[in-house]
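Next up, query.txt (compact mmCIF, C-alpha atoms):
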```txt
# COMPACT_ATOMS: atom_id res chain seq x y z
CA MET A 1 0.00 0.00 0.00
CA GLU A 2 1.26 3.42 -0.83
CA PRO A 3 2.12 5.80 2.00
CA ALA A 4 -0.34 8.42 0.74
CA ALA A 5 -3.16 5.92 0.99
CA VAL A 6 -2.16 5.04 4.54
CA VAL A 7 -2.21 8.70 5.53
CA THR A 8 -5.63 9.14 3.93
CA LEU A 9 -6.96 6.17 5.80
CA ILE A 10 -5.59 7.50 9.08
CA ALA A 11 -7.18 10.89 8.46
CA VAL A 12 -10.56 9.37 7.65
CA VAL A 13 -10.40 7.17 10.74
CA LEU A 14 -9.57 10.23 12.84
CA VAL A 15 -12.59 12.09 11.47
CA ILE A 16 -14.85 9.12 12.11
CA LEU A 17 -13.53 8.71 15.66
CA ALA A 18 -14.08 12.38 16.37
CA LEU A 19 -17.60 12.18 14.97
CA VAL A 20 -18.40 9.08 17.02
CA PHE A 21 -16.99 10.49 20.25
CA TYR A 22 -18.71 13.87 20.04
CA LEU A 23 -22.01 12.62 18.66
CA VAL A 24 -22.27 9.96 21.35
CA SER A 25 -21.50 12.61 23.96
CA VAL A 26 -24.20 14.86 22.49
CA ILE A 27 -26.68 11.98 22.52
CA LEU A 28 -25.95 11.32 26.18
CA GLU A 29 -26.41 15.01 27.02
CA LEU A 30 -29.70 15.11 25.10
CA ARG A 31 -30.92 12.11 27.08
CA LYS A 32 -30.08 13.94 30.31
CA ILE A 33 -31.97 16.96 29.01
CA THR A 34 -34.98 14.81 28.17
CA THR A 35 -34.96 13.27 31.64
CA GLY A 36 -34.67 16.73 33.25
CA LEU A 37 -37.46 18.17 31.15
CA ASP A 38 -39.68 15.21 31.99
CA ALA A 39 -39.20 16.04 35.66
CA VAL A 40 -39.75 19.77 35.10
CA ILE A 41 -42.87 19.31 33.00
CA GLY A 42 -44.57 17.65 35.95
CA SER A 43 -44.01 20.69 38.13
CA VAL A 44 -45.04 23.02 35.30
CA GLY A 45 -48.24 21.00 34.92
CA GLU A 46 -48.91 21.43 38.64
CA ILE A 47 -48.35 25.17 38.29
CA LEU A 48 -50.82 25.33 35.42
CA GLN A 49 -53.35 23.29 37.35
CA LYS A 50 -53.01 25.41 40.48
CA THR A 51 -53.19 28.74 38.65
CA GLU A 52 -56.13 27.79 36.44
CA PRO A 53 -58.87 29.24 38.70
CA VAL A 54 -56.91 32.37 39.60
CA ASN A 55 -58.23 34.57 36.80
CA GLY A 56 -61.86 33.80 37.52
CA VAL A 57 -61.48 34.23 41.27
CA VAL A 58 -59.53 37.47 40.98
CA ASP A 59 -62.05 38.82 38.46
CA HIS A 60 -64.85 37.95 40.86
CA ILE A 61 -63.03 39.60 43.78
CA ASN A 62 -62.35 42.71 41.70
CA LYS A 63 -65.98 42.84 40.64
CA ASP A 64 -67.14 42.60 44.27
CA LEU A 65 -64.67 45.24 45.42
CA SER A 66 -65.59 47.53 42.53
CA ALA A 67 -69.24 47.19 43.46
CA GLY A 68 -68.38 48.04 47.07
CA THR A 69 -66.30 51.02 45.99
CA ASP A 70 -69.05 52.28 43.69
CA LEU A 71 -71.58 51.89 46.46
CA LEU A 72 -69.50 53.81 49.00
CA GLU A 73 -68.57 56.50 46.50
CA GLY A 74 -72.21 56.85 45.52
CA LEU A 75 -73.15 57.18 49.15
CA LEU A 76 -70.39 59.73 49.65
CA ASP A 77 -71.56 61.67 46.59
CA LYS A 78 -75.11 61.64 47.88
CA LYS A 79 -74.27 62.65 51.43
CA ALA A 80 -71.31 64.96 50.97
CA GLY A 81 -71.95 66.31 47.49
CA GLN A 82 -69.81 65.71 44.43
CA ASP A 83 -67.27 68.43 45.22
CA ASP A 84 -66.62 67.34 48.77
CA ALA A 85 -66.77 63.62 47.94
CA ALA A 86 -63.70 63.78 45.72
CA GLY A 87 -61.93 65.95 48.29
CA LEU A 88 -62.77 63.57 51.11
CA VAL A 89 -61.45 60.59 49.19
CA GLU A 90 -58.35 62.60 48.30
CA SER A 91 -57.78 63.46 51.97
CA VAL A 92 -57.85 59.81 52.97
CA PHE A 93 -56.24 58.27 49.87
CA PRO A 94 -53.94 60.85 48.27
CA GLY A 95 -54.21 60.70 44.49
CA ALA A 96 -57.54 58.88 44.45
CA GLY A 97 -59.65 62.04 44.27
CA ALA A 98 -58.93 62.48 40.56
CA SER A 99 -60.28 59.02 39.79
CA VAL A 100 -63.42 59.85 41.76
CA LEU A 101 -63.86 62.94 39.63
CA ALA A 102 -63.29 60.84 36.53
CA ARG A 103 -65.96 58.36 37.63
CA GLN A 104 -68.27 61.30 38.23
CA GLY A 105 -67.60 62.29 34.63
CA ARG A 106 -65.96 65.51 35.69
CA THR A 107 -62.56 67.07 35.28
CA GLY A 108 -60.61 69.70 37.12
CA GLU A 109 -58.75 70.04 40.35
CA VAL A 110 -59.79 68.06 43.37
CA LYS A 111 -60.99 70.21 46.24
CA ASN A 112 -58.19 69.99 48.78
CA ILE A 113 -60.12 69.41 51.97
CA ASP A 114 -57.09 68.13 53.82
CA GLU A 115 -55.47 71.59 53.88
CA VAL A 116 -58.43 73.15 55.58
CA TYR A 117 -59.38 70.39 57.97
CA THR A 118 -57.31 67.78 59.63
CA ARG A 119 -57.77 64.40 58.04
CA GLY A 120 -61.03 62.82 59.04
CA ALA A 121 -62.28 65.86 60.93
CA VAL A 122 -64.36 66.95 58.01
CA GLN A 123 -66.10 63.62 57.89
CA LEU A 124 -66.98 63.88 61.57
CA ALA A 125 -68.09 67.48 61.15
CA ARG A 126 -70.29 66.60 58.26
CA LEU A 127 -71.75 63.61 60.07
CA GLY A 128 -72.45 65.83 63.07
CA ARG A 129 -74.05 68.56 60.97
CA GLU A 130 -76.22 66.29 58.93
CA SER A 131 -77.17 63.64 61.41
CA PRO A 132 -80.38 63.99 63.42
CA LEU A 133 -78.28 64.16 66.58
CA GLY A 134 -76.73 67.43 65.48
CA VAL A 135 -79.65 69.13 63.80
CA GLY A 136 -78.90 72.78 63.27
CA ALA A 137 -77.53 75.26 60.83
CA MET A 138 -73.80 75.61 60.27
CA SER A 139 -73.97 79.31 61.14
CA GLY A 140 -75.18 80.55 64.48
CA GLY A 141 -75.02 78.79 67.77
CA ALA A 142 -73.46 75.55 68.70
CA LEU A 143 -74.86 72.45 67.08
CA ARG A 144 -75.72 71.03 70.46
CA ASP A 145 -77.75 73.48 72.49
CA PRO A 146 -77.02 72.89 76.18
CA THR A 147 -79.93 75.03 77.33
CA TYR A 148 -82.42 73.29 75.14
CA SER A 149 -81.02 69.93 76.04
CA SER A 150 -81.23 70.80 79.77
CA ALA A 151 -84.77 72.15 79.47
CA ALA A 152 -85.85 69.08 77.62
CA ALA A 153 -84.39 66.90 80.32
CA ARG A 154 -86.03 68.97 83.04
CA ALA A 155 -89.38 68.71 81.28
CA ILE A 156 -89.18 64.99 81.56
CA TYR A 157 -87.87 64.54 85.08
CA THR A 158 -89.01 66.32 88.28
CA ASN A 159 -86.62 68.45 90.20
CA PRO A 160 -85.78 66.29 93.17
CA SER A 161 -84.43 69.10 95.28
CA GLY A 162 -86.83 72.00 94.60
CA PRO A 163 -89.79 72.60 97.00
CA VAL A 164 -91.99 73.93 94.24
CA ALA A 165 -92.80 72.90 90.74
CA ASP A 166 -90.56 74.20 87.98
CA GLU A 167 -93.57 75.47 86.07
CA PRO A 168 -97.22 76.08 87.03
CA GLY A 169 -99.03 72.82 87.19
CA GLY A 170 -95.78 70.96 86.70
CA PRO A 171 -94.56 68.09 88.78
CA THR A 172 -93.48 68.89 92.33
CA HIS A 173 -90.67 67.42 94.27
CA ARG A 174 -91.07 64.24 96.15
CA PRO A 175 -89.95 64.00 99.73
CA ARG A 176 -86.92 61.94 100.35
CA SER A 177 -87.46 58.39 101.38
CA PRO A 178 -87.08 57.94 105.17
CA VAL A 179 -83.86 56.39 106.29
CA ILE A 180 -84.52 53.72 108.87
CA GLY A 181 -83.12 54.52 112.30
CA THR A 182 -82.44 58.22 111.78
CA GLU A 183 -85.93 59.74 111.93
CA ASP A 184 -88.85 59.26 114.20
CA SER A 185 -91.36 57.21 112.36
CA GLY A 186 -94.12 58.42 114.72
CA GLY A 187 -95.00 54.95 115.78
CA MET B 1 0.66 11.54 -6.35
CA THR B 2 1.51 15.11 -5.37
CA LEU B 3 -2.15 16.07 -5.43
CA TRP B 4 -2.96 13.13 -3.17
CA TRP B 5 -0.44 14.34 -0.61
CA ILE B 6 -1.86 17.84 -0.84
CA GLY B 7 -5.30 16.36 -0.27
CA ASN B 8 -4.03 14.45 2.73
CA ALA B 9 -2.51 17.63 4.16
CA VAL B 10 -5.76 19.53 3.72
CA LEU B 11 -7.68 16.68 5.31
CA LEU B 12 -5.43 16.51 8.36
CA LEU B 13 -4.71 20.21 8.85
CA VAL B 14 -8.06 21.77 7.93
CA ILE B 15 -10.97 19.37 7.77
CA VAL B 16 -10.24 17.33 10.89
CA PRO B 17 -9.73 20.42 13.13
CA VAL B 18 -12.84 22.12 11.71
CA VAL B 19 -14.93 19.00 12.33
CA VAL B 20 -13.59 18.71 15.87
CA ILE B 21 -14.23 22.40 16.62
CA LEU B 22 -17.81 22.22 15.33
CA LEU B 23 -18.56 19.03 17.26
CA ARG B 24 -17.07 20.50 20.45
CA GLY B 25 -19.33 23.51 20.02
CA VAL B 26 -22.40 21.30 19.72
CA LEU B 27 -21.34 19.26 22.74
CA GLY B 28 -20.71 22.43 24.79
CA ALA B 29 -24.17 23.78 23.94
CA ALA B 30 -25.76 20.46 24.90
CA ARG B 31 -23.93 20.46 28.25
CA ASP B 32 -25.03 24.07 28.92
CA THR B 33 -28.61 23.06 28.20
CA THR B 34 -28.30 20.15 30.62
CA ARG B 35 -27.06 22.45 33.38
CA ALA B 36 -29.90 24.91 32.70
CA VAL B 37 -32.49 22.14 32.90
CA GLU B 38 -30.96 20.88 36.15
CA ARG B 39 -31.22 24.40 37.61
CA LEU B 40 -34.78 24.73 36.31
CA GLN B 41 -36.07 21.66 38.09
CA PRO B 42 -35.84 22.93 41.72
CA VAL B 43 -37.22 26.31 40.62
CA ALA B 44 -40.27 24.69 39.07
CA ASP B 45 -40.75 22.53 42.17
CA ALA B 46 -40.52 25.58 44.43
CA ALA B 47 -42.91 27.56 42.22
CA SER B 48 -45.42 24.73 42.33
CA LYS B 49 -45.10 24.56 46.11
CA ASP B 50 -45.53 28.33 46.44
CA LEU B 51 -48.82 28.08 44.60
CA ASP B 52 -50.32 25.77 47.21
CA ALA B 53 -51.87 28.86 48.81
CA VAL B 54 -53.85 29.59 45.65
CA GLU B 55 -56.52 27.22 46.92
CA LEU B 56 -57.19 29.77 49.66
CA LEU B 57 -58.30 32.28 47.04
CA GLY B 58 -61.70 30.60 47.15
CA THR B 59 -61.96 31.48 50.84
CA THR B 60 -60.77 35.00 50.07
CA GLN B 61 -63.45 35.32 47.42
CA GLU B 62 -66.15 34.26 49.89
CA GLN B 63 -64.81 36.62 52.55
CA VAL B 64 -64.75 39.53 50.10
CA SER B 65 -68.30 38.81 49.01
CA GLN B 66 -69.47 38.69 52.62
CA THR B 67 -67.55 41.85 53.52
CA VAL B 68 -68.98 43.76 50.57
CA ALA B 69 -72.46 42.57 51.54
CA VAL B 70 -71.92 43.84 55.09
CA VAL B 71 -70.57 47.14 53.76
CA ALA B 72 -73.63 47.42 51.52
CA ASN B 73 -75.87 46.89 54.54
CA TYR B 74 -73.97 49.55 56.49
CA GLY B 75 -74.24 51.86 53.49
CA GLY B 76 -77.98 51.33 53.35
CA SER B 77 -78.26 52.11 57.04
CA LEU B 78 -76.13 55.23 56.68
CA ASP B 79 -78.23 56.29 53.73
CA THR B 80 -81.28 56.08 55.97
CA ILE B 81 -79.67 57.75 58.99
CA LEU B 82 -77.87 60.64 57.33
CA GLU B 83 -79.49 63.39 55.36
CA ASP B 84 -78.37 64.12 51.84
CA ALA B 85 -76.08 67.04 51.07
```
What's the C-alpha cells form of this structure?
Amino acid sequence: MEPAAVVTLIAVVLVILALVFYLVSVILELRKITTGLDAVIGSVGEILQKTEPVNGVVDHINKDLSAGTDLLEGLLDKKAGQDDAAGLVESVFPGAGASVLARQGRTGEVKNIDEVYTRGAVQLARLGRESPLGVGAMSGGALRDPTYSSAAARAIYTNPSGPVADEPGGPTHRPRSPVIGTEDSGG
Amino acid sequence: MTLWWIGNAVLLLVIVPVVVILLRGVLGAARDTTRAVERLQPVADAASKDLDAVELLGTTQEQVSQTVAVVANYGGSLDTILEDA
C-alpha cells in the first residue's frame, strides 16, 4: 500500500472517531436533558393546574370590590356632594380624588379638603351637621344646644331638690325616702 | 501523487480540526442546556409549592363577598340615617 493511501486512511479514521466520540456525547447530554425536562414538565403541569382558577377568582373579587367602591362613592356623593366627595377621598387616599372625579364624569382640580381640615375631621363634622343628633344650621349657635337639652331633660324629670314645681301645674318634688333609724317614724 | 499528498494535508490540517471544533461547540451547547435544565427543576418545584396557597383564594373570594355585603348593609343604614347634602 502506498504511503499516501495510509495517511488518507488515518485521516478518515480520525474524522470518524471524532464524529463518534462527540455525537455519542451529544446523545448522552440530550438524554439527560430529556430526563430533566420530563421532571420539570410535571411541576409546570402542577403550576398550570393550580393557577387555572386564579383569573376567575380574581375577576370575581375585583368585581365585588368595585361594586363596594361604587356603592360607597355613591353614598359619599349623595351625602357629601360631588365636590366634597372627591376631596374627602383625596384626603384619605392621596391621588384617588382624581379618579373619583373621573368616575363622576368631571374634570378639574380636586378640592383639597385636607389643607383646611385635619384628616377625618371633616367627615366627623359633616356627620355631626347632617345627622339627626346634630340638627342645626352651620352658622349661628353651637350644634348642640345645652340650654335646650337641659330644658328638655327637666321637662321629663321632676326636680328632686326643689320645693316647688318648675312650672305652674308641673310636677313637684317628692320628699326623700325615710332612712330607717335616723328619723322618728311616729309609731 | 503530489495532489494526493496535498489532499491528505488539507484533510489533516483543515478538515479534521474544523470537524472537531464544530462538534465541540455542539457538545458544549448540549452540556449548557443540561445544566440549565438541572437548575430549572428545583425552581419549578418551588414555584409549584408556592402556589399551594392559591386554593385559599376561594376562601378570600367568599370573605370579600361577605364583607362587601356587610358594607352594603352599612351603606344602606347610613343612607337612611344621614341626610343628603
CA of Pro94 (chain A) to CA of Tyr74 (chain B), distance in Å rounded to a single decimal = 24.4 Å
Any chance you could tabulate, as JSON lines, the residues of chain B at most 8 Å from chain A with each one's nearest atom pair and distance in Å to one decimal, using all atoms listed in the file, in chain and rising number order?
```
{"residue": "B:Met1", "atom": "CA", "partner": "A:Ala4", "partner_atom": "CA", "distance": 7.8}
{"residue": "B:Trp4", "atom": "CA", "partner": "A:Ala4", "partner_atom": "CA", "distance": 6.7}
{"residue": "B:Trp5", "atom": "CA", "partner": "A:Ala4", "partner_atom": "CA", "distance": 6.1}
{"residue": "B:Asn8", "atom": "CA", "partner": "A:Thr8", "partner_atom": "CA", "distance": 5.7}
{"residue": "B:Leu11", "atom": "CA", "partner": "A:Ala11", "partner_atom": "CA", "distance": 6.6}
{"residue": "B:Leu12", "atom": "CA", "partner": "A:Ala11", "partner_atom": "CA", "distance": 5.9}
{"residue": "B:Val16", "atom": "CA", "partner": "A:Val15", "partner_atom": "CA", "distance": 5.8}
{"residue": "B:Val19", "atom": "CA", "partner": "A:Val15", "partner_atom": "CA", "distance": 7.3}
{"residue": "B:Val20", "atom": "CA", "partner": "A:Ala18", "partner_atom": "CA", "distance": 6.4}
{"residue": "B:Leu23", "atom": "CA", "partner": "A:Tyr22", "partner_atom": "CA", "distance": 5.9}
{"residue": "B:Arg24", "atom": "CA", "partner": "A:Tyr22", "partner_atom": "CA", "distance": 6.8}
{"residue": "B:Val26", "atom": "CA", "partner": "A:Val26", "partner_atom": "CA", "distance": 7.2}
{"residue": "B:Leu27", "atom": "CA", "partner": "A:Val26", "partner_atom": "CA", "distance": 5.3}
{"residue": "B:Ala30", "atom": "CA", "partner": "A:Glu29", "partner_atom": "CA", "distance": 5.9}
{"residue": "B:Arg31", "atom": "CA", "partner": "A:Glu29", "partner_atom": "CA", "distance": 6.1}
{"residue": "B:Thr33", "atom": "CA", "partner": "A:Ile33", "partner_atom": "CA", "distance": 7.0}
{"residue": "B:Thr34", "atom": "CA", "partner": "A:Ile33", "partner_atom": "CA", "distance": 5.1}
{"residue": "B:Val37", "atom": "CA", "partner": "A:Gly36", "partner_atom": "CA", "distance": 5.8}
{"residue": "B:Glu38", "atom": "CA", "partner": "A:Gly36", "partner_atom": "CA", "distance": 6.3}
{"residue": "B:Leu40", "atom": "CA", "partner": "A:Val40", "partner_atom": "CA", "distance": 7.1}
{"residue": "B:Gln41", "atom": "CA", "partner": "A:Val40", "partner_atom": "CA", "distance": 5.1}
{"residue": "B:Ala44", "atom": "CA", "partner": "A:Ser43", "partner_atom": "CA", "distance": 5.6}
{"residue": "B:Asp45", "atom": "CA", "partner": "A:Ser43", "partner_atom": "CA", "distance": 5.5}
{"residue": "B:Ala47", "atom": "CA", "partner": "A:Ile47", "partner_atom": "CA", "distance": 7.1}
{"residue": "B:Ser48", "atom": "CA", "partner": "A:Ile47", "partner_atom": "CA", "distance": 5.0}
{"residue": "B:Leu51", "atom": "CA", "partner": "A:Lys50", "partner_atom": "CA", "distance": 6.5}
{"residue": "B:Asp52", "atom": "CA", "partner": "A:Lys50", "partner_atom": "CA", "distance": 7.3}
{"residue": "B:Val54", "atom": "CA", "partner": "A:Lys50", "partner_atom": "CA", "distance": 6.7}
{"residue": "B:Glu55", "atom": "CA", "partner": "A:Lys50", "partner_atom": "CA", "distance": 7.6}
{"residue": "B:Leu57", "atom": "CA", "partner": "A:Val57", "partner_atom": "CA", "distance": 6.9}
{"residue": "B:Gly58", "atom": "CA", "partner": "A:Val57", "partner_atom": "CA", "distance": 6.9}
{"residue": "B:Gln61", "atom": "CA", "partner": "A:Ile61", "partner_atom": "CA", "distance": 5.6}
{"residue": "B:Val64", "atom": "CA", "partner": "A:Ile61", "partner_atom": "CA", "distance": 6.6}
{"residue": "B:Ser65", "atom": "CA", "partner": "A:Asp64", "partner_atom": "CA", "distance": 6.2}
{"residue": "B:Val68", "atom": "CA", "partner": "A:Gly68", "partner_atom": "CA", "distance": 5.6}
{"residue": "B:Val71", "atom": "CA", "partner": "A:Gly68", "partner_atom": "CA", "distance": 7.1}
{"residue": "B:Ala72", "atom": "CA", "partner": "A:Gly68", "partner_atom": "CA", "distance": 6.9}
{"residue": "B:Gly75", "atom": "CA", "partner": "A:Leu72", "partner_atom": "CA", "distance": 6.8}
{"residue": "B:Asp79", "atom": "CA", "partner": "A:Leu75", "partner_atom": "CA", "distance": 6.9}
{"residue": "B:Ile81", "atom": "CA", "partner": "A:Ser131", "partner_atom": "CA", "distance": 6.8}
{"residue": "B:Leu82", "atom": "CA", "partner": "A:Ser131", "partner_atom": "CA", "distance": 5.1}
{"residue": "B:Glu83", "atom": "CA", "partner": "A:Glu130", "partner_atom": "CA", "distance": 5.6}
{"residue": "B:Asp84", "atom": "CA", "partner": "A:Lys79", "partner_atom": "CA", "distance": 4.4}
{"residue": "B:Ala85", "atom": "CA", "partner": "A:Lys79", "partner_atom": "CA", "distance": 4.8}
```
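One distance worth recording is that between CA of Asp70 (chain A) and CA of Val110 (chain A), which is 18.3 Å.
For the pair CA of Thr107 (chain A) and CA of Phe93 (chain A), the interatomic distance is 18.2 Å.
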